[in-house]
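K.L.:
My structure is below; once you've seen it, I'll send some questions.
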Amino acid sequence: MIGASMPLMAHLEELRWRILKTLAAVAVAFGVCYAVSEPIFHLLSAPLLALSESPLTLIGTGVTEAFFTRLKVSLIAAIFLASPVLFFQAWRFVAPGMHAHEKRSAIPFAIAATFFFVAGGTFCYLVVFPVGFAFFLREYEAIGVAPTIRISEYLTFAARMLLAFGITFELPVVTFFLARIGVVTHRTLIGWFRYAVLFIFVLAAMLTPGPDIASQLLLAAPLLLLYGVSIGIAFVFQRGTVVSEDTDDATDDEDEPA
């Protein structure tokens, strides 16, 4: 059975503690990442620097920019490092409204959500960055300008892309929630498939602004795969299946002798 409803103040108090625990985890991860912020910076800047045939310079234009650069790269890495705790706390917050057997799925959920989040960031780093940066550098060459990039602007762009792809890859996890509460079913997702394909290819075209169709397909393929996985998840975990199982369990309990 679904747990008893909580009063509003209890929900707010629960949310406050979950947020504090999440922030504490990010703070600890931030301290760890700050200690190794220099190699993290070199890791984040490598996709851009490796693509330039001529020497490309990353510059700082402020006295404190190097310090804030270390803070920024540490925060980006800390979010990914602390993501298991973040997803675990998110699950624990919504768990009171779920069935008893679902409440015990916090750790598997945190592992799955972390996997997709890190996979999205990794895909962005290994595939999207080389494709996108190569195009932007070619645009500099086309107008005869030697690129000199500010480190703060580059890291802001890189952070947004990494987090955006990490969140996008959470589609199967979001589908799991929506299927459990009856908002979507596998039939709904199948019905939306043509629109999803259009949206995915538009997104791929935006992220790969060059005319290279192969690059667009390279970006669209994983998103189409995730959508297919989401259809399977909705089929397995849709609300009707759960209700049917609970009804069968209740019937079996009634048939048992006292």
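Note on naming: chains are A, B, ... as they come in the structure tokens, residues start from 1 per chain, ligands start from 1 in the order shown.
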What lies within 9 Å of Ala234 of chain A using only C-alpha atoms, ignoring chain neighbours under 6 positions off, as a PDB file with N, CA and C atoms, in the first residue's frame?
P.N.:
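Once written, result.pdb looks like this:
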ATOM      1  N   PRO A 172      15.288   7.723 -19.336  1.00  0.00           N
ATOM      2  CA  PRO A 172      14.711   6.471 -18.825  1.00  0.00           C
ATOM      3  C   PRO A 172      14.292   6.559 -17.364  1.00  0.00           C
ATOM      4  N   THR A 175      11.105   8.566 -17.169  1.00  0.00           N
ATOM      5  CA  THR A 175      10.024   7.715 -17.671  1.00  0.00           C
ATOM      6  C   THR A 175       9.564   6.730 -16.605  1.00  0.00           C
ATOM      7  N   PHE A 176      10.497   6.200 -15.835  1.00  0.00           N
ATOM      8  CA  PHE A 176      10.147   5.278 -14.750  1.00  0.00           C
ATOM      9  C   PHE A 176       9.187   5.937 -13.769  1.00  0.00           C
ATOM     10  N   LEU A 178       7.237   8.639 -14.277  1.00  0.00           N
ATOM     11  CA  LEU A 178       5.969   8.976 -14.923  1.00  0.00           C
ATOM     12  C   LEU A 178       5.113   7.733 -15.150  1.00  0.00           C
ATOM     13  N   ALA A 179       5.762   6.620 -15.446  1.00  0.00           N
ATOM     14  CA  ALA A 179       5.012   5.380 -15.633  1.00  0.00           C
ATOM     15  C   ALA A 179       4.435   4.878 -14.314  1.00  0.00           C
ATOM     16  N   ARG A 180       5.164   5.052 -13.223  1.00  0.00           N
ATOM     17  CA  ARG A 180       4.684   4.585 -11.923  1.00  0.00           C
ATOM     18  C   ARG A 180       3.469   5.358 -11.438  1.00  0.00           C
ATOM     19  N   VAL A 184       2.349   8.385 -18.103  1.00  0.00           N
ATOM     20  CA  VAL A 184       2.635   7.849 -19.431  1.00  0.00           C
ATOM     21  C   VAL A 184       2.593   6.329 -19.390  1.00  0.00           C
ATOM     22  N   THR A 185       2.357   5.736 -20.546  1.00  0.00           N
ATOM     23  CA  THR A 185       2.458   4.295 -20.739  1.00  0.00           C
ATOM     24  C   THR A 185       3.321   4.047 -21.965  1.00  0.00           C
ATOM     25  N   HIS A 186       3.626   2.786 -22.211  1.00  0.00           N
ATOM     26  CA  HIS A 186       4.429   2.486 -23.394  1.00  0.00           C
ATOM     27  C   HIS A 186       3.676   2.845 -24.670  1.00  0.00           C
ATOM     28  N   ARG A 187       2.335   2.739 -24.630  1.00  0.00           N
ATOM     29  CA  ARG A 187       1.550   3.127 -25.808  1.00  0.00           C
ATOM     30  C   ARG A 187       1.641   4.633 -26.052  1.00  0.00           C
ATOM     31  N   LEU A 189       4.215   6.579 -25.326  1.00  0.00           N
ATOM     32  CA  LEU A 189       5.535   6.869 -25.891  1.00  0.00           C
ATOM     33  C   LEU A 189       5.634   6.401 -27.335  1.00  0.00           C
TER      34      LEU A 189
END
K.L.:
List the spatial neighbours of Pro130 of chain A as a list in words - criterion: any atom at most 8 Å away, only C-alpha atoms, same-chain residues fewer than 5 positions off excluded.
P.N.:
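Near Pro130 of chain A, the qualifying residues are Pro47, Leu48, Leu51 and Tyr125 of chain A.
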K.L.:
Can I get the selection written as an mmCIF file, in the first residue's frame, with N, CA and C atoms?
P.N.:
data_model
loop_
_atom_site.group_PDB
_atom_site.id
_atom_site.type_symbol
_atom_site.label_atom_id
_atom_site.label_comp_id
_atom_site.auth_asym_id
_atom_site.auth_seq_id
_atom_site.Cartn_x
_atom_site.Cartn_y
_atom_site.Cartn_z
ATOM 1 N N PRO A 47 39.742 18.655 -24.955
ATOM 2 C CA PRO A 47 39.030 18.507 -26.238
ATOM 3 C C PRO A 47 39.180 19.712 -27.158
ATOM 4 N N LEU A 48 39.256 20.899 -26.608
ATOM 5 C CA LEU A 48 39.418 22.099 -27.432
ATOM 6 C C LEU A 48 40.846 22.234 -27.929
ATOM 7 N N LEU A 51 42.151 19.922 -30.848
ATOM 8 C CA LEU A 51 41.608 20.064 -32.197
ATOM 9 C C LEU A 51 42.264 21.171 -32.995
ATOM 10 N N TYR A 125 31.481 14.698 -23.579
ATOM 11 C CA TYR A 125 32.925 14.957 -23.575
ATOM 12 C C TYR A 125 33.619 14.257 -24.752
#
K.L.:
Using only C-alpha atoms, which protein or nucleic acid residues come within 10 Å of Ala77 of chain A? Drop anything in the same chain fewer than 6 positions from it, and give the result as a VMD selection string.
P.N.:
chain A and resid 26 29 to 30 32 to 34 37 40 to 41 44 83 159
K.L.:
Taking only C-alpha atoms into account, name the residue in A:Ala119, A:Leu20, A:Gly60, A:Thr148 that is nearest to Leu162 of chain A.
P.N.:
A:Ala119
